[in-house]
>>> print(open('query-v7.cif').read())   # mmCIF, C-alpha atoms (C1' of nucleotides)
data_upload
#
loop_
_atom_site.group_PDB
_atom_site.id
_atom_site.type_symbol
_atom_site.label_atom_id
_atom_site.label_comp_id
_atom_site.auth_asym_id
_atom_site.auth_seq_id
_atom_site.Cartn_x
_atom_site.Cartn_y
_atom_site.Cartn_z
ATOM 1 C CA MET A 1 -7.046 -9.527 -18.771
ATOM 2 C CA GLY A 2 -3.561 -10.597 -17.766
ATOM 3 C CA LEU A 3 -2.380 -7.043 -18.153
ATOM 4 C CA THR A 4 -0.784 -5.527 -15.078
ATOM 5 C CA LYS A 5 -1.845 -1.938 -14.555
ATOM 6 C CA THR A 6 1.626 -0.557 -13.938
ATOM 7 C CA GLU A 7 0.514 3.016 -14.405
ATOM 8 C CA ILE A 8 -1.438 3.161 -11.163
ATOM 9 C CA PHE A 9 1.545 2.140 -9.044
ATOM 10 C CA SER A 10 4.639 4.033 -7.987
ATOM 11 C CA GLU A 11 7.956 3.622 -9.741
ATOM 12 C CA GLN A 12 9.317 1.937 -6.632
ATOM 13 C CA GLN A 13 6.477 -0.555 -6.433
ATOM 14 C CA ASN A 14 6.898 -1.502 -10.061
ATOM 15 C CA GLN A 15 10.647 -1.862 -9.657
ATOM 16 C CA ILE A 16 10.250 -4.198 -6.709
ATOM 17 C CA ALA A 17 7.796 -6.285 -8.734
ATOM 18 C CA VAL A 18 10.142 -6.442 -11.724
ATOM 19 C CA PHE A 19 13.081 -7.600 -9.631
ATOM 20 C CA ALA A 20 10.956 -10.083 -7.734
ATOM 21 C CA LYS A 21 9.828 -11.557 -11.023
ATOM 22 C CA ALA A 22 13.443 -12.460 -11.718
ATOM 23 C CA PHE A 23 13.391 -14.822 -8.748
ATOM 24 C CA ALA A 24 9.847 -15.995 -9.277
ATOM 25 C CA HIS A 25 10.981 -19.054 -11.191
ATOM 26 C CA PRO A 26 13.101 -21.857 -9.730
ATOM 27 C CA ALA A 27 15.148 -22.176 -12.911
ATOM 28 C CA ARG A 28 16.343 -18.596 -12.602
ATOM 29 C CA VAL A 29 17.045 -19.123 -8.912
ATOM 30 C CA ALA A 30 19.086 -22.202 -9.804
ATOM 31 C CA ILE A 31 20.972 -20.326 -12.516
ATOM 32 C CA LEU A 32 21.894 -17.522 -10.150
ATOM 33 C CA GLN A 33 22.911 -19.924 -7.382
ATOM 34 C CA HIS A 34 25.147 -21.731 -9.833
ATOM 35 C CA LEU A 35 26.738 -18.490 -10.967
ATOM 36 C CA PHE A 36 27.501 -17.703 -7.336
ATOM 37 C CA LYS A 37 28.825 -21.150 -6.546
ATOM 38 C CA MET A 38 31.369 -21.175 -9.335
ATOM 39 C CA ASP A 39 34.544 -19.289 -8.613
ATOM 40 C CA THR A 40 34.876 -18.581 -12.295
ATOM 41 C CA CYS A 41 32.450 -17.630 -14.970
ATOM 42 C CA VAL A 42 30.008 -20.200 -16.151
ATOM 43 C CA CYS A 43 29.877 -20.996 -19.802
ATOM 44 C CA GLY A 44 27.855 -23.816 -21.171
ATOM 45 C CA ASP A 45 27.261 -26.270 -18.391
ATOM 46 C CA LEU A 46 24.108 -24.587 -17.160
ATOM 47 C CA VAL A 47 22.063 -26.708 -19.529
ATOM 48 C CA ILE A 48 23.574 -29.880 -18.080
ATOM 49 C CA GLU A 49 23.474 -28.623 -14.507
ATOM 50 C CA ILE A 50 19.810 -27.658 -14.688
ATOM 51 C CA GLY A 51 17.568 -30.147 -16.406
ATOM 52 C CA LEU A 52 15.972 -27.909 -19.012
ATOM 53 C CA ALA A 53 16.427 -27.665 -22.759
ATOM 54 C CA GLN A 54 18.985 -25.267 -24.149
ATOM 55 C CA PRO A 55 16.501 -22.775 -25.613
ATOM 56 C CA THR A 56 14.711 -22.600 -22.287
ATOM 57 C CA ILE A 57 17.906 -21.841 -20.378
ATOM 58 C CA SER A 58 18.879 -19.306 -22.998
ATOM 59 C CA GLN A 59 15.567 -17.577 -22.532
ATOM 60 C CA HIS A 60 15.941 -17.386 -18.769
ATOM 61 C CA LEU A 61 19.470 -16.051 -19.158
ATOM 62 C CA LYS A 62 18.152 -13.388 -21.487
ATOM 63 C CA GLU A 63 15.640 -12.204 -18.916
ATOM 64 C CA LEU A 64 18.259 -12.025 -16.199
ATOM 65 C CA LYS A 65 20.568 -10.146 -18.540
ATOM 66 C CA GLN A 66 17.869 -7.666 -19.491
ATOM 67 C CA LEU A 67 17.353 -6.926 -15.804
ATOM 68 C CA GLY A 68 21.078 -6.341 -15.506
ATOM 69 C CA LEU A 69 21.560 -9.002 -12.834
ATOM 70 C CA ILE A 70 24.032 -10.973 -14.935
ATOM 71 C CA LYS A 71 26.582 -10.161 -17.595
ATOM 72 C CA GLY A 72 27.581 -12.257 -20.585
ATOM 73 C CA ASN A 73 30.894 -12.094 -22.371
ATOM 74 C CA ILE A 74 31.599 -13.964 -25.574
ATOM 75 C CA GLU A 75 34.652 -16.209 -25.364
ATOM 76 C CA GLY A 76 35.202 -17.875 -28.659
ATOM 77 C CA THR A 77 32.314 -20.162 -29.399
ATOM 78 C CA SER A 78 30.992 -20.098 -25.870
ATOM 79 C CA VAL A 79 29.585 -17.356 -23.688
ATOM 80 C CA CYS A 80 30.768 -16.575 -20.209
ATOM 81 C CA TYR A 81 28.097 -15.579 -17.713
ATOM 82 C CA CYS A 82 28.504 -14.072 -14.301
ATOM 83 C CA ILE A 83 26.723 -11.952 -11.721
ATOM 84 C CA ASP A 84 26.748 -8.208 -12.260
ATOM 85 C CA GLN A 85 27.840 -7.224 -8.783
ATOM 86 C CA GLU A 86 26.853 -3.588 -9.041
ATOM 87 C CA ASN A 87 23.297 -4.222 -10.157
ATOM 88 C CA TRP A 88 22.940 -7.169 -7.826
ATOM 89 C CA ASN A 89 23.730 -4.969 -4.869
ATOM 90 C CA LYS A 90 21.417 -2.276 -6.162
ATOM 91 C CA MET A 91 18.628 -4.837 -6.390
ATOM 92 C CA LYS A 92 19.403 -6.083 -2.906
ATOM 93 C CA GLY A 93 19.124 -2.570 -1.559
ATOM 94 C CA ILE A 94 15.754 -1.949 -3.145
ATOM 95 C CA LEU A 95 14.277 -5.224 -1.962
ATOM 96 C CA ASN A 96 15.769 -5.014 1.514
ATOM 97 C CA GLU A 97 14.262 -1.596 2.010
ATOM 98 C CA PHE A 98 10.921 -3.220 1.337
ATOM 99 C CA PHE A 99 11.513 -6.317 3.450
ATOM 100 C CA ASN A 100 12.707 -4.355 6.430
ATOM 101 C CA LEU A 101 9.694 -2.097 6.759
ATOM 102 C CA ASP A 102 8.973 -1.522 10.396
ATOM 103 C CA ILE A 103 7.010 -4.490 11.590
ATOM 104 C CA SER A 104 6.642 -3.357 15.182
ATOM 105 C CA ALA A 105 3.519 -1.306 14.680
ATOM 106 C CA ALA A 106 1.614 -3.645 12.437
ATOM 107 C CA GLY A 107 0.367 -7.077 13.219
ATOM 108 C CA ASN A 108 -0.662 -6.555 16.800
ATOM 109 C CA CYS A 109 -4.405 -6.629 16.415
ATOM 110 C CA CYS A 110 -5.123 -9.865 14.629
ATOM 111 C CA MET B 1 4.092 -24.956 -22.158
ATOM 112 C CA GLY B 2 3.572 -22.551 -19.300
ATOM 113 C CA LEU B 3 4.080 -25.365 -16.807
ATOM 114 C CA THR B 4 6.986 -24.854 -14.456
ATOM 115 C CA LYS B 5 8.930 -28.070 -13.892
ATOM 116 C CA THR B 6 9.100 -27.812 -10.132
ATOM 117 C CA GLU B 7 10.164 -31.436 -9.738
ATOM 118 C CA ILE B 8 13.644 -30.888 -11.115
ATOM 119 C CA PHE B 9 14.481 -28.159 -8.604
ATOM 120 C CA SER B 10 15.307 -28.315 -4.940
ATOM 121 C CA GLU B 11 12.764 -27.562 -2.265
ATOM 122 C CA GLN B 12 14.672 -24.428 -1.382
ATOM 123 C CA GLN B 13 14.725 -23.171 -4.952
ATOM 124 C CA ASN B 14 11.006 -23.684 -5.322
ATOM 125 C CA GLN B 15 10.325 -21.977 -2.037
ATOM 126 C CA ILE B 16 12.323 -18.922 -3.040
ATOM 127 C CA ALA B 17 10.390 -18.782 -6.293
ATOM 128 C CA VAL B 18 7.041 -19.069 -4.546
ATOM 129 C CA PHE B 19 7.831 -16.265 -2.116
ATOM 130 C CA ALA B 20 9.249 -14.080 -4.863
ATOM 131 C CA LYS B 21 6.044 -14.513 -6.812
ATOM 132 C CA ALA B 22 4.224 -12.806 -3.953
ATOM 133 C CA PHE B 23 6.155 -9.616 -4.664
ATOM 134 C CA ALA B 24 6.154 -10.023 -8.417
ATOM 135 C CA HIS B 25 3.113 -7.811 -8.809
ATOM 136 C CA PRO B 26 2.978 -4.128 -7.876
ATOM 137 C CA ALA B 27 -0.523 -4.461 -6.449
ATOM 138 C CA ARG B 28 0.663 -6.983 -3.891
ATOM 139 C CA VAL B 29 3.662 -4.814 -3.092
ATOM 140 C CA ALA B 30 1.307 -1.887 -2.571
ATOM 141 C CA ILE B 31 -0.997 -3.946 -0.363
ATOM 142 C CA LEU B 32 1.865 -5.071 1.842
ATOM 143 C CA GLN B 33 3.317 -1.568 2.077
ATOM 144 C CA HIS B 34 -0.067 -0.286 3.118
ATOM 145 C CA LEU B 35 -0.417 -2.973 5.770
ATOM 146 C CA PHE B 36 2.969 -1.927 7.134
ATOM 147 C CA LYS B 37 2.199 1.781 7.030
ATOM 148 C CA MET B 38 -0.982 1.508 9.037
ATOM 149 C CA ASP B 39 -0.480 1.212 12.752
ATOM 150 C CA THR B 40 -3.685 -0.731 12.948
ATOM 151 C CA CYS B 41 -5.192 -3.437 10.852
ATOM 152 C CA VAL B 42 -6.518 -2.568 7.455
ATOM 153 C CA CYS B 43 -10.051 -3.418 6.576
ATOM 154 C CA GLY B 44 -11.799 -2.169 3.527
ATOM 155 C CA ASP B 45 -9.887 0.835 2.336
ATOM 156 C CA LEU B 46 -7.410 -1.158 0.268
ATOM 157 C CA VAL B 47 -9.772 -0.974 -2.679
ATOM 158 C CA ILE B 48 -9.880 2.822 -2.431
ATOM 159 C CA GLU B 49 -6.178 3.133 -1.645
ATOM 160 C CA ILE B 50 -5.111 1.047 -4.604
ATOM 161 C CA GLY B 51 -6.934 1.716 -7.843
ATOM 162 C CA LEU B 52 -8.169 -1.768 -8.649
ATOM 163 C CA ALA B 53 -11.607 -3.328 -8.516
ATOM 164 C CA GLN B 54 -12.745 -5.062 -5.369
ATOM 165 C CA PRO B 55 -12.631 -8.619 -6.758
ATOM 166 C CA THR B 56 -9.090 -8.022 -7.963
ATOM 167 C CA ILE B 57 -7.894 -6.846 -4.555
ATOM 168 C CA SER B 58 -9.686 -9.740 -2.921
ATOM 169 C CA GLN B 59 -7.869 -12.133 -5.217
ATOM 170 C CA HIS B 60 -4.454 -10.629 -4.405
ATOM 171 C CA LEU B 61 -5.244 -10.768 -0.694
ATOM 172 C CA LYS B 62 -6.152 -14.411 -1.047
ATOM 173 C CA GLU B 63 -2.788 -15.222 -2.604
ATOM 174 C CA LEU B 64 -0.909 -13.393 0.132
ATOM 175 C CA LYS B 65 -2.983 -15.176 2.750
ATOM 176 C CA GLN B 66 -2.352 -18.580 1.197
ATOM 177 C CA LEU B 67 1.373 -17.888 1.403
ATOM 178 C CA GLY B 68 0.917 -17.030 5.056
ATOM 179 C CA LEU B 69 2.338 -13.536 4.697
ATOM 180 C CA ILE B 70 -0.848 -11.892 5.942
ATOM 181 C CA LYS B 71 -3.631 -12.797 8.319
ATOM 182 C CA GLY B 72 -7.290 -11.883 8.102
ATOM 183 C CA ASN B 73 -9.690 -11.620 10.994
ATOM 184 C CA ILE B 74 -13.396 -11.086 10.561
ATOM 185 C CA GLU B 75 -14.699 -8.012 12.366
ATOM 186 C CA GLY B 76 -18.397 -7.684 11.891
ATOM 187 C CA THR B 77 -19.120 -7.140 8.219
ATOM 188 C CA SER B 78 -15.545 -6.309 7.315
ATOM 189 C CA VAL B 79 -12.277 -8.215 7.474
ATOM 190 C CA CYS B 80 -9.182 -7.010 9.242
ATOM 191 C CA TYR B 81 -5.915 -7.747 7.490
ATOM 192 C CA CYS B 82 -2.412 -7.479 8.813
ATOM 193 C CA ILE B 83 1.089 -8.846 8.313
ATOM 194 C CA ASP B 84 1.833 -12.258 9.790
ATOM 195 C CA GLN B 85 5.052 -11.335 11.540
ATOM 196 C CA GLU B 86 6.281 -14.865 12.082
ATOM 197 C CA ASN B 87 5.948 -15.945 8.470
ATOM 198 C CA TRP B 88 7.166 -12.612 7.200
ATOM 199 C CA ASN B 89 10.398 -13.040 9.109
ATOM 200 C CA LYS B 90 10.698 -16.614 7.949
ATOM 201 C CA MET B 91 10.331 -15.464 4.351
ATOM 202 C CA LYS B 92 12.883 -12.727 4.912
ATOM 203 C CA GLY B 93 15.344 -15.267 6.217
ATOM 204 C CA ILE B 94 14.959 -17.556 3.242
ATOM 205 C CA LEU B 95 15.299 -14.773 0.693
ATOM 206 C CA ASN B 96 18.162 -13.059 2.479
ATOM 207 C CA GLU B 97 20.136 -16.264 2.542
ATOM 208 C CA PHE B 98 19.815 -16.279 -1.221
ATOM 209 C CA PHE B 99 20.544 -12.590 -1.709
ATOM 210 C CA ASN B 100 23.617 -12.659 0.467
ATOM 211 C CA LEU B 101 25.420 -15.459 -1.313
ATOM 212 C CA ASP B 102 29.107 -14.731 -1.369
ATOM 213 C CA ILE B 103 29.692 -12.396 -4.243
ATOM 214 C CA SER B 104 33.416 -12.033 -3.772
ATOM 215 C CA ALA B 105 34.400 -15.051 -5.804
ATOM 216 C CA ALA B 106 32.032 -14.606 -8.697
ATOM 217 C CA GLY B 107 31.931 -11.789 -11.155
ATOM 218 C CA ASN B 108 35.630 -11.110 -11.481
ATOM 219 C CA CYS B 109 36.228 -12.446 -14.946
ATOM 220 C CA CYS B 110 33.694 -10.634 -17.123
ATOM 221 C "C1'" DT C 1 -37.976 -8.671 7.680
ATOM 222 C "C1'" DC C 2 -35.501 -5.891 4.537
ATOM 223 C "C1'" DA C 3 -32.052 -2.980 2.859
ATOM 224 C "C1'" DT C 4 -27.222 -1.955 3.294
ATOM 225 C "C1'" DT C 5 -22.424 -2.895 3.560
ATOM 226 C "C1'" DC C 6 -18.489 -5.548 2.990
ATOM 227 C "C1'" DT C 7 -16.059 -9.383 1.190
ATOM 228 C "C1'" DA C 8 -15.584 -13.807 -1.414
ATOM 229 C "C1'" DT C 9 -16.392 -16.534 -5.433
ATOM 230 C "C1'" DC C 10 -17.602 -17.580 -10.211
ATOM 231 C "C1'" DG C 11 -17.138 -17.006 -14.935
ATOM 232 C "C1'" DT C 12 -14.877 -15.008 -18.586
ATOM 233 C "C1'" DA C 13 -11.611 -12.430 -21.556
ATOM 234 C "C1'" DA C 14 -7.095 -10.999 -22.456
ATOM 235 C "C1'" DT C 15 -2.309 -11.068 -21.796
ATOM 236 C "C1'" DA C 16 1.978 -13.339 -19.847
ATOM 237 C "C1'" DT C 17 4.916 -17.102 -18.990
ATOM 238 C "C1'" DT C 18 7.050 -21.500 -19.745
ATOM 239 C "C1'" DG C 19 9.057 -25.024 -22.518
ATOM 240 C "C1'" DC C 20 10.878 -27.059 -26.572
ATOM 241 C "C1'" DA C 21 11.719 -28.409 -31.636
ATOM 242 C "C1'" DA C 22 13.577 -26.367 -35.472
ATOM 243 C "C1'" DT C 23 16.484 -23.208 -37.265
ATOM 244 C "C1'" DG C 24 20.197 -19.409 -37.476
ATOM 245 C "C1'" DA C 25 24.442 -17.399 -36.468
ATOM 246 C "C1'" DT C 26 29.193 -17.413 -35.132
ATOM 247 C "C1'" DA C 27 33.778 -19.092 -34.095
ATOM 248 C "C1'" DC C 28 37.058 -22.559 -34.537
ATOM 249 C "C1'" DA C 29 39.396 -26.806 -36.331
ATOM 250 C "C1'" DA C 30 40.590 -29.933 -39.827
ATOM 251 C "C1'" DT D 1 35.730 -25.108 -47.551
ATOM 252 C "C1'" DT D 2 33.422 -28.317 -44.547
ATOM 253 C "C1'" DG D 3 32.275 -29.856 -40.462
ATOM 254 C "C1'" DT D 4 31.530 -29.154 -35.351
ATOM 255 C "C1'" DA D 5 30.436 -26.910 -31.165
ATOM 256 C "C1'" DT D 6 28.037 -23.349 -28.773
ATOM 257 C "C1'" DC D 7 24.521 -20.234 -28.043
ATOM 258 C "C1'" DA D 8 20.530 -17.176 -29.821
ATOM 259 C "C1'" DT D 9 16.121 -16.705 -32.120
ATOM 260 C "C1'" DT D 10 11.773 -18.081 -33.984
ATOM 261 C "C1'" DG D 11 7.419 -20.184 -33.778
ATOM 262 C "C1'" DC D 12 4.190 -22.682 -31.516
ATOM 263 C "C1'" DA D 13 1.384 -25.086 -27.821
ATOM 264 C "C1'" DA D 14 -0.031 -25.259 -23.167
ATOM 265 C "C1'" DT D 15 -0.614 -23.356 -18.770
ATOM 266 C "C1'" DA D 16 -0.660 -19.248 -15.569
ATOM 267 C "C1'" DT D 17 -1.810 -14.696 -14.311
ATOM 268 C "C1'" DT D 18 -4.449 -10.502 -14.182
ATOM 269 C "C1'" DA D 19 -8.635 -7.972 -14.162
ATOM 270 C "C1'" DC D 20 -13.445 -7.272 -13.664
ATOM 271 C "C1'" DG D 21 -18.707 -7.798 -14.022
ATOM 272 C "C1'" DA D 22 -22.081 -10.394 -11.891
ATOM 273 C "C1'" DT D 23 -23.441 -12.717 -8.081
ATOM 274 C "C1'" DA D 24 -23.529 -14.896 -3.538
ATOM 275 C "C1'" DG D 25 -22.899 -14.913 1.477
ATOM 276 C "C1'" DA D 26 -22.709 -12.893 6.040
ATOM 277 C "C1'" DA D 27 -23.287 -9.417 9.504
ATOM 278 C "C1'" DT D 28 -25.458 -5.046 10.810
ATOM 279 C "C1'" DG D 29 -29.005 -1.625 11.426
ATOM 280 C "C1'" DA D 30 -33.595 0.314 10.499
#
>>> encode(input="query-v7.cif", output="structure tokens")
Amino acid sequence: MGLTKTEIFSEQQNQIAVFAKAFAHPARVAILQHLFKMDTCVCGDLVIEIGLAQPTISQHLKELKQLGLIKGNIEGTSVCYCIDQENWNKMKGILNEFFNLDISAAGNCC
Amino acid sequence: MGLTKTEIFSEQQNQIAVFAKAFAHPARVAILQHLFKMDTCVCGDLVIEIGLAQPTISQHLKELKQLGLIKGNIEGTSVCYCIDQENWNKMKGILNEFFNLDISAAGNCC
DNA sequence: TCATTCTATCGTAATATTGCAATGATACAA
DNA sequence: TTGTATCATTGCAATATTACGATAGAATGA
């Protein structure tokens, strides 16, 4: 049905899934890496840097913005994008808690 | 078109996206958490534990297995699943490298 | 052998995602 | 005002994902 049954999972499980979805596309990974690489905010060159059409980039930026991982400030005719440090760290905390589950007990019987 | 243009991205970017997709669904998050929680391998009770139909769980398990994040050993009529420690740590390394990109330079102009 | 149990696969329906052309909207410059 | 540059939105087509009923396969026990 293509419809994820979010209601049967915990808030935490859904939140992990939502954040993970942000990185589940190489274009969004590339956008974020570029935002990190630049020592200033990135305006328009994302379209040139990544090889996708402008509406496609705009759509990916919108998703990242809705998740709160990036911020966008209007600067004249262009828009300045950068990482939202606070939310980025929050996301990192949530995902790291999941990644660092104790592995010692599991995995020793297969 | 629903077709990700993997060819225009780096190997690393695609790999991050592929791993992230594993966690981009709460059912798979729940499966992995359950595998971690158990101090022994998990066989059939994932269907009961999580509220999805058996074919659906089987499908999610297949995806996780294809990524190498879990292993499955046949034990009589049932199958024993557990985390693949080696690949799990490898995945953690790749994603952490991405998460821990230097944030100090970016994000100070918005 | 036959029924039971457990899991995988197939087929299908519905929703989600991706990508882009066309079009708007806004700010600035001439 | 008229263009130009930049980015957002809309609308659409194509592919991907999610979920499950039905069914098949494999091992076990009666």
>>> resolve_selection(input="query-v7.cif", expression="the PyMOL selection byres ((chain B) within 6 of (chain C))", output="VMD selection string")
chain B and resid 1 to 3 77 to 78
>>> calpha_fit_and_write(input="query-v7.cif", fixed="chain A", moving="chain B", output="short mmCIF file (atom, residue, chain, number, x, y, z; two decimals) with C-alpha atoms, in the frame of the given file")
data_model
loop_
_atom_site.label_atom_id
_atom_site.label_comp_id
_atom_site.auth_asym_id
_atom_site.auth_seq_id
_atom_site.Cartn_x
_atom_site.Cartn_y
_atom_site.Cartn_z
CA MET B 1 -7.09 -9.53 -18.58
CA GLY B 2 -3.56 -10.59 -17.79
CA LEU B 3 -2.36 -7.02 -18.21
CA THR B 4 -0.78 -5.54 -15.12
CA LYS B 5 -1.83 -1.92 -14.59
CA THR B 6 1.64 -0.57 -13.95
CA GLU B 7 0.52 3.03 -14.40
CA ILE B 8 -1.42 3.17 -11.16
CA PHE B 9 1.57 2.13 -9.04
CA SER B 10 4.64 4.02 -7.98
CA GLU B 11 7.96 3.61 -9.72
CA GLN B 12 9.33 1.93 -6.63
CA GLN B 13 6.49 -0.56 -6.44
CA ASN B 14 6.91 -1.51 -10.06
CA GLN B 15 10.63 -1.87 -9.66
CA ILE B 16 10.24 -4.21 -6.71
CA ALA B 17 7.81 -6.29 -8.75
CA VAL B 18 10.14 -6.45 -11.73
CA PHE B 19 13.09 -7.59 -9.63
CA ALA B 20 10.97 -10.09 -7.74
CA LYS B 21 9.85 -11.58 -11.03
CA ALA B 22 13.47 -12.48 -11.71
CA PHE B 23 13.41 -14.85 -8.74
CA ALA B 24 9.86 -16.02 -9.28
CA HIS B 25 11.00 -19.07 -11.20
CA PRO B 26 13.11 -21.88 -9.74
CA ALA B 27 15.17 -22.18 -12.91
CA ARG B 28 16.36 -18.61 -12.59
CA VAL B 29 17.06 -19.13 -8.91
CA ALA B 30 19.10 -22.20 -9.82
CA ILE B 31 21.00 -20.32 -12.52
CA LEU B 32 21.91 -17.52 -10.14
CA GLN B 33 22.93 -19.93 -7.38
CA HIS B 34 25.15 -21.72 -9.84
CA LEU B 35 26.75 -18.48 -10.97
CA PHE B 36 27.49 -17.69 -7.33
CA LYS B 37 28.83 -21.15 -6.55
CA MET B 38 31.36 -21.17 -9.35
CA ASP B 39 34.51 -19.25 -8.63
CA THR B 40 34.84 -18.58 -12.31
CA CYS B 41 32.41 -17.62 -14.98
CA VAL B 42 29.94 -20.17 -16.18
CA CYS B 43 29.74 -20.98 -19.83
CA GLY B 44 27.82 -23.86 -21.23
CA ASP B 45 27.26 -26.26 -18.40
CA LEU B 46 24.10 -24.57 -17.16
CA VAL B 47 22.07 -26.71 -19.53
CA ILE B 48 23.59 -29.88 -18.08
CA GLU B 49 23.48 -28.59 -14.50
CA ILE B 50 19.83 -27.66 -14.68
CA GLY B 51 17.57 -30.14 -16.39
CA LEU B 52 15.98 -27.91 -19.00
CA ALA B 53 16.44 -27.67 -22.75
CA GLN B 54 19.01 -25.30 -24.16
CA PRO B 55 16.53 -22.79 -25.63
CA THR B 56 14.75 -22.61 -22.29
CA ILE B 57 17.94 -21.84 -20.38
CA SER B 58 18.91 -19.31 -23.01
CA GLN B 59 15.57 -17.59 -22.56
CA HIS B 60 15.96 -17.41 -18.77
CA LEU B 61 19.48 -16.05 -19.16
CA LYS B 62 18.17 -13.39 -21.49
CA GLU B 63 15.65 -12.21 -18.92
CA LEU B 64 18.27 -12.04 -16.19
CA LYS B 65 20.58 -10.15 -18.53
CA GLN B 66 17.87 -7.67 -19.49
CA LEU B 67 17.36 -6.94 -15.80
CA GLY B 68 21.08 -6.35 -15.50
CA LEU B 69 21.57 -9.00 -12.83
CA ILE B 70 24.04 -10.95 -14.94
CA LYS B 71 26.59 -10.15 -17.59
CA GLY B 72 27.62 -12.23 -20.58
CA ASN B 73 30.93 -12.08 -22.36
CA ILE B 74 31.64 -13.95 -25.56
CA GLU B 75 34.63 -16.27 -25.32
CA GLY B 76 35.23 -17.97 -28.60
CA THR B 77 32.26 -20.16 -29.41
CA SER B 78 30.82 -20.04 -25.92
CA VAL B 79 29.51 -17.27 -23.70
CA CYS B 80 30.75 -16.55 -20.22
CA TYR B 81 28.10 -15.55 -17.72
CA CYS B 82 28.51 -14.07 -14.29
CA ILE B 83 26.73 -11.95 -11.71
CA ASP B 84 26.75 -8.20 -12.26
CA GLN B 85 27.84 -7.20 -8.78
CA GLU B 86 26.85 -3.57 -9.03
CA ASN B 87 23.29 -4.22 -10.14
CA TRP B 88 22.94 -7.17 -7.81
CA ASN B 89 23.73 -4.96 -4.85
CA LYS B 90 21.41 -2.28 -6.14
CA MET B 91 18.61 -4.83 -6.38
CA LYS B 92 19.40 -6.09 -2.90
CA GLY B 93 19.12 -2.58 -1.55
CA ILE B 94 15.75 -1.96 -3.12
CA LEU B 95 14.28 -5.25 -1.95
CA ASN B 96 15.76 -5.04 1.52
CA GLU B 97 14.25 -1.62 2.03
CA PHE B 98 10.91 -3.24 1.35
CA PHE B 99 11.51 -6.33 3.45
CA ASN B 100 12.70 -4.38 6.44
CA LEU B 101 9.70 -2.11 6.77
CA ASP B 102 8.97 -1.53 10.41
CA ILE B 103 6.99 -4.48 11.59
CA SER B 104 6.61 -3.36 15.17
CA ALA B 105 3.51 -1.28 14.64
CA ALA B 106 1.62 -3.62 12.38
CA GLY B 107 0.35 -7.05 13.17
CA ASN B 108 -0.65 -6.53 16.77
CA CYS B 109 -4.39 -6.59 16.43
CA CYS B 110 -5.13 -9.85 14.63
#
>>> interface_residues(input="query-v7.cif", of="chain B", to="chain A", cutoff="8 Å", atoms="only C-alpha atoms", output="JSON, numbers by chain")
{"B": [4, 6, 8, 9, 13, 14, 16, 17, 18, 19, 20, 21, 23, 24, 25, 26, 27, 29, 30, 33, 35, 36, 37, 38, 39, 40, 41, 50, 51, 71, 72, 73, 80, 81, 82, 83, 84, 85, 92, 98, 99, 101, 102, 103, 105, 106, 107, 108, 109, 110]}
>>> write_last_selection(input="query-v7.cif", atoms="C-alpha atoms", output="CSV table (one decimal), in the frame of the given file")
chain,number,residue,atom,x,y,z
B,4,THR,CA,7.0,-24.9,-14.5
B,6,THR,CA,9.1,-27.8,-10.1
B,8,ILE,CA,13.6,-30.9,-11.1
B,9,PHE,CA,14.5,-28.2,-8.6
B,13,GLN,CA,14.7,-23.2,-5.0
B,14,ASN,CA,11.0,-23.7,-5.3
B,16,ILE,CA,12.3,-18.9,-3.0
B,17,ALA,CA,10.4,-18.8,-6.3
B,18,VAL,CA,7.0,-19.1,-4.5
B,19,PHE,CA,7.8,-16.3,-2.1
B,20,ALA,CA,9.2,-14.1,-4.9
B,21,LYS,CA,6.0,-14.5,-6.8
B,23,PHE,CA,6.2,-9.6,-4.7
B,24,ALA,CA,6.2,-10.0,-8.4
B,25,HIS,CA,3.1,-7.8,-8.8
B,26,PRO,CA,3.0,-4.1,-7.9
B,27,ALA,CA,-0.5,-4.5,-6.4
B,29,VAL,CA,3.7,-4.8,-3.1
B,30,ALA,CA,1.3,-1.9,-2.6
B,33,GLN,CA,3.3,-1.6,2.1
B,35,LEU,CA,-0.4,-3.0,5.8
B,36,PHE,CA,3.0,-1.9,7.1
B,37,LYS,CA,2.2,1.8,7.0
B,38,MET,CA,-1.0,1.5,9.0
B,39,ASP,CA,-0.5,1.2,12.8
B,40,THR,CA,-3.7,-0.7,12.9
B,41,CYS,CA,-5.2,-3.4,10.9
B,50,ILE,CA,-5.1,1.0,-4.6
B,51,GLY,CA,-6.9,1.7,-7.8
B,71,LYS,CA,-3.6,-12.8,8.3
B,72,GLY,CA,-7.3,-11.9,8.1
B,73,ASN,CA,-9.7,-11.6,11.0
B,80,CYS,CA,-9.2,-7.0,9.2
B,81,TYR,CA,-5.9,-7.7,7.5
B,82,CYS,CA,-2.4,-7.5,8.8
B,83,ILE,CA,1.1,-8.8,8.3
B,84,ASP,CA,1.8,-12.3,9.8
B,85,GLN,CA,5.1,-11.3,11.5
B,92,LYS,CA,12.9,-12.7,4.9
B,98,PHE,CA,19.8,-16.3,-1.2
B,99,PHE,CA,20.5,-12.6,-1.7
B,101,LEU,CA,25.4,-15.5,-1.3
B,102,ASP,CA,29.1,-14.7,-1.4
B,103,ILE,CA,29.7,-12.4,-4.2
B,105,ALA,CA,34.4,-15.1,-5.8
B,106,ALA,CA,32.0,-14.6,-8.7
B,107,GLY,CA,31.9,-11.8,-11.2
B,108,ASN,CA,35.6,-11.1,-11.5
B,109,CYS,CA,36.2,-12.4,-14.9
B,110,CYS,CA,33.7,-10.6,-17.1
>>> resolve_selection(input="query-v7.cif", expression="the PyMOL selection byres ((chain D) within 6 of (chain B))", output="JSON, numbers by chain")
{"D": [14, 15, 27]}
>>> axis_aligned_box(input="query-v7.cif", around="range 77-80 of chain A", padding_each_side="8 Å", output="JSON")
{"center_x": 30.9, "center_y": -18.4, "center_z": -24.8, "size_x": 18.7, "size_y": 19.6, "size_z": 25.2}
>>> resolve_selection(input="query-v7.cif", expression="the PyMOL selection byres ((chain D and resi 5-7) around 8)", output="short mmCIF file (atom, residue, chain, number, x, y, z; two decimals) with C-alpha atoms (C1' of nucleotides), in the frame of the given file")
data_model
loop_
_atom_site.label_atom_id
_atom_site.label_comp_id
_atom_site.auth_asym_id
_atom_site.auth_seq_id
_atom_site.Cartn_x
_atom_site.Cartn_y
_atom_site.Cartn_z
CA GLY A 44 27.86 -23.82 -21.17
CA SER A 58 18.88 -19.31 -23.00
CA THR A 77 32.31 -20.16 -29.40
CA SER A 78 30.99 -20.10 -25.87
CA VAL A 79 29.58 -17.36 -23.69
"C1'" DT D 4 31.53 -29.15 -35.35
"C1'" DA D 8 20.53 -17.18 -29.82
#
